[in-house]
file target03.cif (mmCIF, C-alpha atoms and all ligand atoms)
data_query
loop_
_atom_site.group_PDB
_atom_site.id
_atom_site.type_symbol
_atom_site.label_atom_id
_atom_site.label_comp_id
_atom_site.auth_asym_id
_atom_site.auth_seq_id
_atom_site.Cartn_x
_atom_site.Cartn_y
_atom_site.Cartn_z
ATOM 1 C CA MET J 12 224.463 48.256 44.702
ATOM 2 C CA THR J 13 220.980 49.733 44.541
ATOM 3 C CA GLU J 14 219.763 51.362 47.720
ATOM 4 C CA LYS J 15 216.769 49.509 49.130
ATOM 5 C CA SER J 16 213.892 51.272 50.823
ATOM 6 C CA TRP J 17 210.866 50.321 52.893
ATOM 7 C CA LEU J 18 207.667 50.000 50.897
ATOM 8 C CA LYS J 19 204.324 49.715 52.674
ATOM 9 C CA GLY J 20 201.682 47.336 51.384
ATOM 10 C CA ASN J 21 198.503 45.501 52.307
ATOM 11 C CA LEU J 22 198.258 41.897 51.158
ATOM 12 C CA HIS J 23 194.595 41.077 51.806
ATOM 13 C CA THR J 24 191.767 43.220 50.453
ATOM 14 C CA HIS J 25 188.256 42.675 49.075
ATOM 15 C CA THR J 26 186.312 44.654 46.487
ATOM 16 C CA THR J 27 182.911 44.343 44.781
ATOM 17 C CA ASN J 28 184.490 41.519 42.730
ATOM 18 C CA SER J 29 183.741 39.436 45.855
ATOM 19 C CA ASP J 30 182.198 40.576 49.149
ATOM 20 C CA GLY J 31 183.789 44.027 49.528
ATOM 21 C CA ASP J 32 181.498 47.073 49.449
ATOM 22 C CA GLU J 33 183.477 49.264 47.027
ATOM 23 C CA SER J 34 184.838 48.973 43.495
ATOM 24 C CA PRO J 35 188.479 47.957 42.884
ATOM 25 C CA GLU J 36 189.216 51.504 41.645
ATOM 26 C CA HIS J 37 187.842 53.100 44.827
ATOM 27 C CA VAL J 38 189.665 50.625 47.061
ATOM 28 C CA ALA J 39 192.949 51.282 45.257
ATOM 29 C CA GLU J 40 192.418 55.034 45.695
ATOM 30 C CA TRP J 41 191.749 54.608 49.425
ATOM 31 C CA TYR J 42 195.114 52.884 49.926
ATOM 32 C CA HIS J 43 196.989 55.413 47.792
ATOM 33 C CA GLU J 44 195.481 58.298 49.761
ATOM 34 C CA HIS J 45 196.508 56.627 53.019
ATOM 35 C CA GLY J 46 200.194 56.335 52.161
ATOM 36 C CA TYR J 47 200.466 52.771 50.865
ATOM 37 C CA ASP J 48 203.051 52.118 48.166
ATOM 38 C CA TRP J 49 201.522 48.861 46.964
ATOM 39 C CA LEU J 50 198.411 46.736 47.400
ATOM 40 C CA CYS J 51 197.074 43.268 46.660
ATOM 41 C CA LEU J 52 193.373 43.096 45.744
ATOM 42 C CA SER J 53 192.748 39.532 46.935
ATOM 43 C CA ASP J 54 189.126 38.797 46.109
ATOM 44 C CA HIS J 55 187.542 35.443 46.915
ATOM 45 C CA ASP J 56 188.096 33.088 43.961
ATOM 46 C CA HIS J 57 188.623 36.004 41.590
ATOM 47 C CA LEU J 58 191.757 37.556 40.151
ATOM 48 C CA THR J 59 191.166 41.308 40.241
ATOM 49 C CA ILE J 60 193.544 43.008 37.815
ATOM 50 C CA LEU J 61 193.001 46.709 37.222
ATOM 51 C CA GLU J 62 193.854 48.152 33.839
ATOM 52 C CA GLY J 63 193.965 51.913 33.889
ATOM 53 C CA THR J 64 195.192 54.952 32.037
ATOM 54 C CA ALA J 65 198.324 56.688 33.296
ATOM 55 C CA ALA J 66 196.109 59.290 35.010
ATOM 56 C CA GLU J 67 194.121 56.566 36.792
ATOM 57 C CA LYS J 68 197.234 54.626 37.792
ATOM 58 C CA ALA J 69 198.682 57.773 39.383
ATOM 59 C CA LYS J 70 195.803 57.574 41.898
ATOM 60 C CA TRP J 71 196.539 53.952 42.837
ATOM 61 C CA PRO J 72 199.367 52.214 44.665
ATOM 62 C CA LEU J 73 201.295 49.601 42.674
ATOM 63 C CA LEU J 74 198.908 46.641 42.350
ATOM 64 C CA VAL J 75 200.292 43.199 43.110
ATOM 65 C CA HIS J 76 198.259 40.268 41.786
ATOM 66 C CA GLY J 77 196.554 37.898 44.192
ATOM 67 C CA GLU J 78 193.507 35.808 44.987
ATOM 68 C CA GLU J 79 191.931 34.479 48.175
ATOM 69 C CA VAL J 80 191.433 30.827 47.284
ATOM 70 C CA THR J 81 188.381 30.039 49.381
ATOM 71 C CA SER J 82 187.282 26.571 50.454
ATOM 72 C CA ARG J 83 184.017 26.478 52.356
ATOM 73 C CA GLY J 84 183.910 22.808 53.324
ATOM 74 C CA ALA J 85 181.624 21.418 56.032
ATOM 75 C CA ASN J 86 184.432 21.218 58.566
ATOM 76 C CA GLY J 87 185.384 24.890 58.403
ATOM 77 C CA PRO J 88 186.732 27.586 56.112
ATOM 78 C CA VAL J 89 190.200 27.129 54.590
ATOM 79 C CA HIS J 90 191.252 30.386 52.931
ATOM 80 C CA VAL J 91 194.670 30.521 51.307
ATOM 81 C CA ASN J 92 195.987 33.648 49.606
ATOM 82 C CA GLY J 93 197.953 33.177 46.402
ATOM 83 C CA TYR J 94 200.381 36.008 45.636
ATOM 84 C CA GLY J 95 201.636 36.434 42.101
ATOM 85 C CA VAL J 96 199.325 33.805 40.608
ATOM 86 C CA THR J 97 199.064 34.156 36.836
ATOM 87 C CA GLU J 98 195.567 32.681 36.512
ATOM 88 C CA VAL J 99 192.488 32.106 38.665
ATOM 89 C CA VAL J 100 193.004 29.192 41.031
ATOM 90 C CA LYS J 101 190.021 26.924 41.656
ATOM 91 C CA ALA J 102 189.509 26.235 45.367
ATOM 92 C CA SER J 103 189.499 22.684 46.682
ATOM 93 C CA ASP J 104 185.999 21.410 47.469
ATOM 94 C CA SER J 105 187.216 18.865 50.008
ATOM 95 C CA ASP J 106 185.412 18.733 53.371
ATOM 96 C CA ASP J 107 188.651 17.719 55.032
ATOM 97 C CA ILE J 108 190.570 20.723 56.366
ATOM 98 C CA VAL J 109 194.064 19.349 55.731
ATOM 99 C CA THR J 110 193.194 18.110 52.228
ATOM 100 C CA ALA J 111 191.603 21.443 51.314
ATOM 101 C CA MET J 112 194.639 23.347 52.621
ATOM 102 C CA ARG J 113 197.082 21.073 50.795
ATOM 103 C CA GLU J 114 195.185 21.272 47.490
ATOM 104 C CA ASN J 115 194.837 25.053 47.688
ATOM 105 C CA VAL J 116 198.566 25.484 48.384
ATOM 106 C CA GLU J 117 199.518 23.083 45.568
ATOM 107 C CA ARG J 118 197.216 24.799 43.065
ATOM 108 C CA ILE J 119 198.603 28.246 43.977
ATOM 109 C CA ILE J 120 202.175 27.048 43.459
ATOM 110 C CA ALA J 121 201.169 25.411 40.143
ATOM 111 C CA ALA J 122 199.751 28.795 39.046
ATOM 112 C CA GLY J 123 203.114 30.441 39.730
ATOM 113 C CA GLY J 124 202.172 31.956 43.095
ATOM 114 C CA MET J 125 203.290 31.968 46.719
ATOM 115 C CA ALA J 126 200.795 30.673 49.277
ATOM 116 C CA SER J 127 199.785 32.210 52.595
ATOM 117 C CA ILE J 128 197.571 30.506 55.170
ATOM 118 C CA ASN J 129 194.898 33.010 56.250
ATOM 119 C CA HIS J 130 193.261 33.630 59.652
ATOM 120 C CA PRO J 131 193.589 30.145 61.292
ATOM 121 C CA ASN J 132 191.206 31.145 64.112
ATOM 122 C CA PHE J 133 188.386 32.392 61.831
ATOM 123 C CA ARG J 134 185.449 30.197 62.952
ATOM 124 C CA TRP J 135 188.113 28.263 64.910
ATOM 125 C CA ALA J 136 188.687 26.301 61.709
ATOM 126 C CA PHE J 137 192.152 24.846 62.355
ATOM 127 C CA ASP J 138 195.335 25.184 64.372
ATOM 128 C CA GLY J 139 199.069 24.526 64.048
ATOM 129 C CA GLY J 140 198.440 20.760 63.978
ATOM 130 C CA ALA J 141 196.649 20.992 60.632
ATOM 131 C CA MET J 142 199.222 23.473 59.301
ATOM 132 C CA MET J 143 202.067 21.103 60.218
ATOM 133 C CA GLN J 144 200.545 18.487 57.895
ATOM 134 C CA VAL J 145 200.810 20.761 54.855
ATOM 135 C CA GLU J 146 203.995 21.925 53.161
ATOM 136 C CA GLY J 147 204.921 24.505 50.580
ATOM 137 C CA TYR J 148 203.285 27.671 51.908
ATOM 138 C CA LYS J 149 205.594 30.614 52.573
ATOM 139 C CA PHE J 150 203.472 32.823 54.827
ATOM 140 C CA MET J 151 200.812 32.845 57.492
ATOM 141 C CA GLU J 152 198.717 35.658 58.856
ATOM 142 C CA VAL J 153 199.848 36.486 62.384
ATOM 143 C CA PHE J 154 197.535 39.496 62.369
ATOM 144 C CA ASN J 155 194.297 39.828 60.386
ATOM 145 C CA GLY J 156 192.236 43.016 60.853
ATOM 146 C CA HIS J 157 188.839 41.347 60.344
ATOM 147 C CA PRO J 158 186.909 41.402 63.652
ATOM 148 C CA GLU J 159 186.133 37.646 63.433
ATOM 149 C CA SER J 160 189.744 36.542 63.042
ATOM 150 C CA HIS J 161 190.425 35.942 66.798
ATOM 151 C CA ASN J 162 194.162 36.631 66.468
ATOM 152 C CA GLU J 163 194.713 36.495 70.218
ATOM 153 C CA GLY J 164 193.218 33.027 70.733
ATOM 154 C CA GLY J 165 192.024 32.189 74.256
ATOM 155 C CA GLY J 166 189.775 29.638 75.946
ATOM 156 C CA GLY J 167 192.236 26.896 75.101
ATOM 157 C CA LYS J 168 192.829 28.088 71.526
ATOM 158 C CA THR J 169 196.350 29.132 70.576
ATOM 159 C CA SER J 170 196.956 32.690 69.322
ATOM 160 C CA THR J 171 198.064 33.111 65.714
ATOM 161 C CA VAL J 172 201.529 34.142 66.942
ATOM 162 C CA GLY J 173 201.559 31.015 69.141
ATOM 163 C CA ILE J 174 200.797 28.908 66.053
ATOM 164 C CA TRP J 175 203.645 30.672 64.227
ATOM 165 C CA ASP J 176 206.076 29.856 67.068
ATOM 166 C CA ARG J 177 204.978 26.222 66.959
ATOM 167 C CA LEU J 178 205.711 25.991 63.224
ATOM 168 C CA LEU J 179 209.060 27.781 63.572
ATOM 169 C CA SER J 180 210.028 25.561 66.514
ATOM 170 C CA GLN J 181 209.592 22.550 64.235
ATOM 171 C CA ASN J 182 211.909 24.212 61.726
ATOM 172 C CA ARG J 183 209.163 25.247 59.303
ATOM 173 C CA ARG J 184 210.321 28.298 57.338
ATOM 174 C CA VAL J 185 207.192 30.428 57.433
ATOM 175 C CA TRP J 186 207.127 34.233 57.396
ATOM 176 C CA GLY J 187 204.501 36.095 59.464
ATOM 177 C CA ILE J 188 202.382 38.789 57.818
ATOM 178 C CA ALA J 189 199.882 41.378 59.101
ATOM 179 C CA VAL J 190 196.953 42.234 56.811
ATOM 180 C CA ASP J 191 193.676 44.146 56.743
ATOM 181 C CA ASP J 192 191.309 41.607 55.140
ATOM 182 C CA ALA J 193 189.306 44.771 54.455
ATOM 183 C CA HIS J 194 185.704 44.572 53.196
ATOM 184 C CA HIS J 195 184.074 47.818 54.364
ATOM 185 C CA TYR J 196 185.095 51.173 52.887
ATOM 186 C CA THR J 197 181.726 52.944 53.200
ATOM 187 C CA GLY J 198 179.768 54.008 56.285
ATOM 188 C CA GLU J 199 181.191 54.100 59.771
ATOM 189 C CA PHE J 200 184.684 52.813 60.587
ATOM 190 C CA THR J 201 184.254 50.821 63.830
ATOM 191 C CA ALA J 202 185.987 47.890 65.538
ATOM 192 C CA ASN J 203 183.214 45.433 64.630
ATOM 193 C CA ARG J 204 183.467 46.154 60.863
ATOM 194 C CA SER J 205 186.283 45.032 58.596
ATOM 195 C CA ASN J 206 187.723 48.420 57.643
ATOM 196 C CA PRO J 207 191.071 49.094 55.953
ATOM 197 C CA GLY J 208 194.246 50.412 57.611
ATOM 198 C CA ARG J 209 194.805 47.933 60.450
ATOM 199 C CA GLY J 210 197.646 45.619 59.453
ATOM 200 C CA TRP J 211 200.361 45.819 56.790
ATOM 201 C CA VAL J 212 203.866 44.791 55.835
ATOM 202 C CA GLN J 213 206.889 46.954 55.058
ATOM 203 C CA VAL J 214 209.084 45.200 52.504
ATOM 204 C CA ARG J 215 212.662 46.240 51.796
ATOM 205 C CA ALA J 216 212.949 46.366 48.025
ATOM 206 C CA SER J 217 215.230 47.967 45.433
ATOM 207 C CA SER J 218 212.295 49.295 43.407
ATOM 208 C CA LEU J 219 208.533 49.570 43.470
ATOM 209 C CA SER J 220 207.855 46.683 41.111
ATOM 210 C CA GLN J 221 205.888 43.461 41.501
ATOM 211 C CA GLN J 222 209.044 41.411 41.020
ATOM 212 C CA ASP J 223 211.078 43.208 43.691
ATOM 213 C CA ILE J 224 208.185 43.037 46.152
ATOM 214 C CA TYR J 225 207.734 39.287 45.582
ATOM 215 C CA GLU J 226 211.470 38.796 45.972
ATOM 216 C CA ALA J 227 211.643 40.683 49.297
ATOM 217 C CA MET J 228 208.596 38.777 50.545
ATOM 218 C CA SER J 229 210.004 35.436 49.480
ATOM 219 C CA ASP J 230 213.320 36.234 51.228
ATOM 220 C CA GLY J 231 211.560 37.365 54.421
ATOM 221 C CA ASP J 232 213.061 40.828 53.976
ATOM 222 C CA PHE J 233 210.100 42.616 55.545
ATOM 223 C CA TYR J 234 208.334 43.184 58.840
ATOM 224 C CA ALA J 235 204.666 43.091 59.774
ATOM 225 C CA SER J 236 203.015 45.956 61.637
ATOM 226 C CA THR J 237 199.799 47.291 63.127
ATOM 227 C CA GLY J 238 201.288 50.762 63.662
ATOM 228 C CA VAL J 239 204.910 50.505 64.814
ATOM 229 C CA THR J 240 207.523 51.803 62.356
ATOM 230 C CA ILE J 241 210.991 50.279 62.254
ATOM 231 C CA GLY J 242 213.398 52.557 60.390
ATOM 232 C CA GLY J 243 216.458 50.338 60.572
ATOM 233 C CA LEU J 244 216.625 46.561 60.785
ATOM 234 C CA THR J 245 219.608 44.252 60.546
ATOM 235 C CA ALA J 246 219.004 40.568 61.084
ATOM 236 C CA SER J 247 221.781 38.006 60.831
ATOM 237 C CA MET J 248 223.273 35.175 62.840
ATOM 238 C CA SER J 249 225.679 37.626 64.507
ATOM 239 C CA GLU J 250 223.121 40.244 65.585
ATOM 240 C CA ILE J 251 219.519 41.335 65.291
ATOM 241 C CA LYS J 252 219.181 45.073 65.712
ATOM 242 C CA LEU J 253 216.193 47.375 65.316
ATOM 243 C CA GLU J 254 215.872 51.146 65.131
ATOM 244 C CA ILE J 255 212.331 52.072 66.126
ATOM 245 C CA ASP J 256 210.904 55.347 64.767
ATOM 246 C CA PRO J 257 208.897 56.572 67.741
ATOM 247 C CA GLU J 258 205.364 57.801 67.156
ATOM 248 C CA THR J 259 204.954 61.354 68.419
ATOM 249 C CA THR J 260 201.725 63.175 69.289
ATOM 250 C CA PRO J 261 201.872 66.327 67.110
ATOM 251 C CA SER J 262 200.113 68.632 69.614
ATOM 252 C CA ASP J 263 202.505 68.125 72.542
ATOM 253 C CA GLY J 264 205.480 66.193 71.156
ATOM 254 C CA ILE J 265 204.946 63.305 73.580
ATOM 255 C CA GLN J 266 206.557 60.085 72.325
ATOM 256 C CA ALA J 267 205.181 56.577 72.625
ATOM 257 C CA LYS J 268 207.242 54.046 74.597
ATOM 258 C CA TYR J 269 208.300 50.614 73.361
ATOM 259 C CA THR J 270 209.179 47.208 74.706
ATOM 260 C CA THR J 271 210.854 44.723 72.371
ATOM 261 C CA VAL J 272 210.787 41.007 73.102
ATOM 262 C CA PHE J 273 213.172 38.594 71.355
ATOM 263 C CA THR J 274 211.647 35.133 71.091
ATOM 264 C CA GLY J 275 213.287 31.782 70.347
ATOM 265 C CA ALA J 276 212.322 28.121 69.956
ATOM 266 C CA ASN J 277 209.083 27.064 71.656
ATOM 267 C CA GLY J 278 208.179 30.701 72.204
ATOM 268 C CA ARG J 279 210.902 31.166 74.843
ATOM 269 C CA VAL J 280 211.655 34.792 75.759
ATOM 270 C CA LEU J 281 215.381 35.303 75.129
ATOM 271 C CA HIS J 282 215.725 39.005 75.844
ATOM 272 C CA GLU J 283 213.556 42.021 76.569
ATOM 273 C CA SER J 284 214.554 45.643 75.900
ATOM 274 C CA ILE J 285 213.038 49.086 76.551
ATOM 275 C CA SER J 286 215.499 50.838 74.223
ATOM 276 C CA ASN J 287 214.400 52.385 70.923
ATOM 277 C CA SER J 288 217.452 50.608 69.449
ATOM 278 C CA PRO J 289 216.995 47.113 70.850
ATOM 279 C CA SER J 290 219.426 44.372 69.859
ATOM 280 C CA TYR J 291 220.211 40.738 70.585
ATOM 281 C CA LYS J 292 223.053 38.402 69.629
ATOM 282 C CA PRO J 293 221.642 34.966 68.763
ATOM 283 C CA THR J 294 223.257 31.753 69.998
ATOM 284 C CA ARG J 295 223.073 28.372 68.245
ATOM 285 C CA LEU J 296 220.841 27.052 71.032
ATOM 286 C CA ASP J 297 218.099 29.606 70.304
ATOM 287 C CA GLY J 298 216.796 27.658 67.278
ATOM 288 C CA TYR J 299 215.404 30.816 65.751
ATOM 289 C CA VAL J 300 215.124 34.428 66.884
ATOM 290 C CA ARG J 301 212.391 36.904 66.041
ATOM 291 C CA ALA J 302 211.464 40.239 67.616
ATOM 292 C CA THR J 303 208.088 41.685 68.593
ATOM 293 C CA VAL J 304 207.849 45.415 69.318
ATOM 294 C CA TYR J 305 205.019 46.456 71.640
ATOM 295 C CA SER J 306 204.044 50.137 71.603
ATOM 296 C CA SER J 307 202.373 51.949 74.519
ATOM 297 C CA ARG J 308 199.686 52.875 71.950
ATOM 298 C CA GLY J 309 198.656 49.214 71.661
ATOM 299 C CA THR J 310 200.233 48.678 68.244
ATOM 300 C CA ARG J 311 202.899 46.097 67.387
ATOM 301 C CA ALA J 312 205.496 45.050 64.863
ATOM 302 C CA TRP J 313 206.911 41.584 64.174
ATOM 303 C CA THR J 314 210.270 40.959 62.485
ATOM 304 C CA GLN J 315 210.950 37.739 60.564
ATOM 305 C CA PRO J 316 212.881 34.921 62.230
ATOM 306 C CA VAL J 317 216.585 34.253 61.808
ATOM 307 C CA PHE J 318 217.301 30.513 61.982
ATOM 308 C CA THR J 319 220.346 29.949 64.128
ATOM 309 C CA GLY J 320 221.088 26.458 62.822
ATOM 310 C CA ASP J 321 221.828 27.784 59.328
HETATM 311 ZN ZN ZN A 401 189.251 34.726 54.411
HETATM 312 ZN ZN ZN A 402 189.538 37.820 52.984
#
call {"tool": "encode", "arguments": {"input": "target03.cif", "output": "structure tokens"}}
result
Amino acid sequence: MTEKSWLKGNLHTHTTNSDGDESPEHVAEWYHEHGYDWLCLSDHDHLTILEGTAAEKAKWPLLVHGEEVTSRGANGPVHVNGYGVTEVVKASDSDDIVTAMRENVERIIAAGGMASINHPNFRWAFDGGAMMQVEGYKFMEVFNGHPESHNEGGGGKTSTVGIWDRLLSQNRRVWGIAVDDAHHYTGEFTANRSNPGRGWVQVRASSLSQQDIYEAMSDGDFYASTGVTIGGLTASMSEIKLEIDPETTPSDGIQAKYTTVFTGANGRVLHESISNSPSYKPTRLDGYVRATVYSSRGTRAWTQPVFTGD
């Protein structure tokens, strides 16, 4: 059996082929220089595919094909990422949120891709109710690094993770991803700009190839992160066990501290642990079990759910 390893990638990125402020080549170099193994250049309604010489490719991460299929109807934006699409997908022009979402997902699947529902709380466009009316998408963004994405919800609006729990509780098999949605690579890097490096996924794949990355993503063999590193992860009906790699301050060797929360159906907290090797044994009654790791540095990681009815 081939040994699998963790490969870091960002699934949502813009370049000058849409509203990003740098060329695809520069953006690819930024991610390579910052330790990413792979990257999806997901421009609005444009399939950015970089052809390069061997010398150029050595400066880029592996590029995975994708597009942000972008509906701008009167009732709010419906952006759906298509991963692995083989041709440009035309966005739905419906004004109805659910229709636009359904058509975008269907068109992505017809183009050979996997669909991901982006930033539900961007302009407070839609919530879990709309997402429950659409089928066929594999992913949703539980963290989006764009400052207008309102991941945490509030004021009566459900957080993106809360929406995820609602879908999972109704037995929808949706994996949660963290992404940059980066647009700004020049000038100052500040919280109110959409800079790269904020959210990513670590997929467990046998090789650094598009096919193996798609396969790991499709199987949910990955975790989402905004800074927490999980070195070891086993997730099955018998046990979910994590090995957290603690972040250490180089100057004084001080380690961050972690709390891991295991969540089940309807967002119920099943177990909480302060160990760096937290574990939980699911029961049939849990419905599903997923883990969130909270770091004292403010960063997080989310593992994918195990469905206990399977
Ligand atoms: Zn978007
Ligand atoms: Zn975007």
call {"tool": "closest_atom_pairs", "arguments": {"input": "target03.cif", "of": "segment 197-302 of chain J", "to": "segment 186-192 of chain J", "cutoff": "12 Å", "atoms": "only C-alpha atoms", "output": "Markdown table"}}
result
| residue | atom | partner | partner_atom | distance |
| --- | --- | --- | --- | --- |
| J:Arg204 | CA | J:Asp192 | CA | 10.7 |
| J:Ser205 | CA | J:Asp192 | CA | 7.0 |
| J:Asn206 | CA | J:Asp191 | CA | 7.4 |
| J:Pro207 | CA | J:Asp191 | CA | 5.6 |
| J:Gly208 | CA | J:Asp191 | CA | 6.4 |
| J:Arg209 | CA | J:Asp191 | CA | 5.4 |
| J:Gly210 | CA | J:Val190 | CA | 4.3 |
| J:Trp211 | CA | J:Val190 | CA | 4.9 |
| J:Val212 | CA | J:Ala189 | CA | 6.2 |
| J:Gln213 | CA | J:Ile188 | CA | 9.7 |
| J:Val214 | CA | J:Ile188 | CA | 10.7 |
| J:Ala227 | CA | J:Trp186 | CA | 11.3 |
| J:Met228 | CA | J:Trp186 | CA | 8.4 |
| J:Ser229 | CA | J:Trp186 | CA | 8.5 |
| J:Asp230 | CA | J:Trp186 | CA | 9.0 |
| J:Gly231 | CA | J:Trp186 | CA | 6.2 |
| J:Asp232 | CA | J:Trp186 | CA | 9.5 |
| J:Phe233 | CA | J:Ile188 | CA | 8.9 |
| J:Tyr234 | CA | J:Ile188 | CA | 7.5 |
| J:Ala235 | CA | J:Ala189 | CA | 5.1 |
| J:Ser236 | CA | J:Ala189 | CA | 6.1 |
| J:Thr237 | CA | J:Ala189 | CA | 7.2 |
| J:Gly238 | CA | J:Ala189 | CA | 10.5 |
| J:Val239 | CA | J:Ala189 | CA | 11.9 |
| J:Arg301 | CA | J:Gly187 | CA | 10.3 |
| J:Ala302 | CA | J:Gly187 | CA | 11.5 |
call {"tool": "residues_around", "arguments": {"input": "target03.cif", "residues": "Ala276 of chain J", "least_positions_apart": "2", "cutoff": "8 Å", "atoms": "all atoms listed in the file", "output": "JSON, numbers by chain"}}
result
{"J": [176, 179, 180, 274, 278, 279, 297, 298, 299, 300]}
call {"tool": "residues_around", "arguments": {"input": "target03.cif", "residues": "Ser105 of chain J", "least_positions_apart": "5", "cutoff": "8 Å", "atoms": "only C-alpha atoms", "output": "JSON, numbers by chain"}}
result
{"J": [82, 84, 110, 111]}
call {"tool": "residues_around", "arguments": {"input": "target03.cif", "residues": "segment 127-129 of chain J", "least_positions_apart": "6", "cutoff": "7 Å", "atoms": "only C-alpha atoms", "output": "list in words"}}
result
His90, Val91, Asn92, Gly93, Tyr148, Lys149, Phe150, Met151 and Glu152 of chain J
call {"tool": "residues_near_ligand", "arguments": {"input": "target03.cif", "ligand": "ligand ZN 401 (chain A)", "cutoff": "12 Å", "atoms": "only C-alpha atoms and all ligand atoms", "output": "NGL selection string"}}
result
:J and (22-25 or 29-31 or 53-56 or 78-83 or 87-93 or 127-134 or 136 or 152 or 155-160 or 190-194 or 205)
call {"tool": "resolve_selection", "arguments": {"input": "target03.cif", "expression": "the PyMOL selection byres (((chain J and resi 294) around 12) and not hetatm)", "output": "PyMOL selection string"}}
result
chain J and resi 247-251+275-276+281-282+291-293+295-300+317-321
call {"tool": "residues_around", "arguments": {"input": "target03.cif", "residues": "segment 305-308 of chain J", "least_positions_apart": "2", "cutoff": "7 Å", "atoms": "only C-alpha atoms", "output": "number ranges by chain"}}
result
J: 239, 267-271, 303, 310-312
call {"tool": "closest_residue", "arguments": {"input": "target03.cif", "among": "J:Leu219, J:Met142, J:Ile120, J:Ile265", "to": "Ile108 of chain J", "atoms": "all atoms listed in the file"}}
result
J:Met142
call {"tool": "resolve_selection", "arguments": {"input": "target03.cif", "expression": "the PyMOL selection byres (((chain J and resi 60) around 10) and not hetatm)", "output": "PyMOL selection string"}}
result
chain J and resi 35+51-53+57-59+61-63+74-77
call {"tool": "closest_residue", "arguments": {"input": "target03.cif", "among": "J:His195, J:Val272, J:Glu40, J:Pro257", "to": "ligand ZN 402 (chain A)", "atoms": "only C-alpha atoms and all ligand atoms"}}
result
J:His195
call {"tool": "atom_distance", "arguments": {"input": "target03.cif", "atom1": "atom CA of Leu18 of chain J", "atom2": "atom CA of Glu98 of chain J"}}
result
25.6 Å
call {"tool": "atom_distance", "arguments": {"input": "target03.cif", "atom1": "atom CA of His161 of chain J", "atom2": "atom CA of Trp135 of chain J"}}
result
8.2 Å
call {"tool": "closest_residue", "arguments": {"input": "target03.cif", "among": "J:Thr201, J:Thr26, J:Glu33, J:Thr64", "to": "ligand ZN 402 (chain A)", "atoms": "all atoms listed in the file"}}
result
J:Thr26
call {"tool": "atom_distance", "arguments": {"input": "target03.cif", "atom1": "atom CA of Lys15 of chain J", "atom2": "atom CA of Trp71 of chain J"}}
result
21.6 Å
call {"tool": "decode", "arguments": {"input": "target03.cif", "residues": "segment 291-303 of chain J", "atoms": "C-alpha atoms", "output": "CSV table (one decimal), in the first residue's frame"}}
result
chain,number,residue,atom,x,y,z
J,291,TYR,CA,-13.9,10.0,21.3
J,292,LYS,CA,-15.7,6.7,20.7
J,293,PRO,CA,-18.9,7.4,18.7
J,294,THR,CA,-22.2,5.8,19.6
J,295,ARG,CA,-25.1,5.1,17.2
J,296,LEU,CA,-27.2,7.8,18.9
J,297,ASP,CA,-24.7,10.5,18.0
J,298,GLY,CA,-25.9,10.7,14.3
J,299,TYR,CA,-22.6,12.0,13.2
J,300,VAL,CA,-19.4,13.1,15.0
J,301,ARG,CA,-16.9,15.8,13.9
J,302,ALA,CA,-14.2,17.5,15.9
J,303,THR,CA,-13.2,21.2,16.1
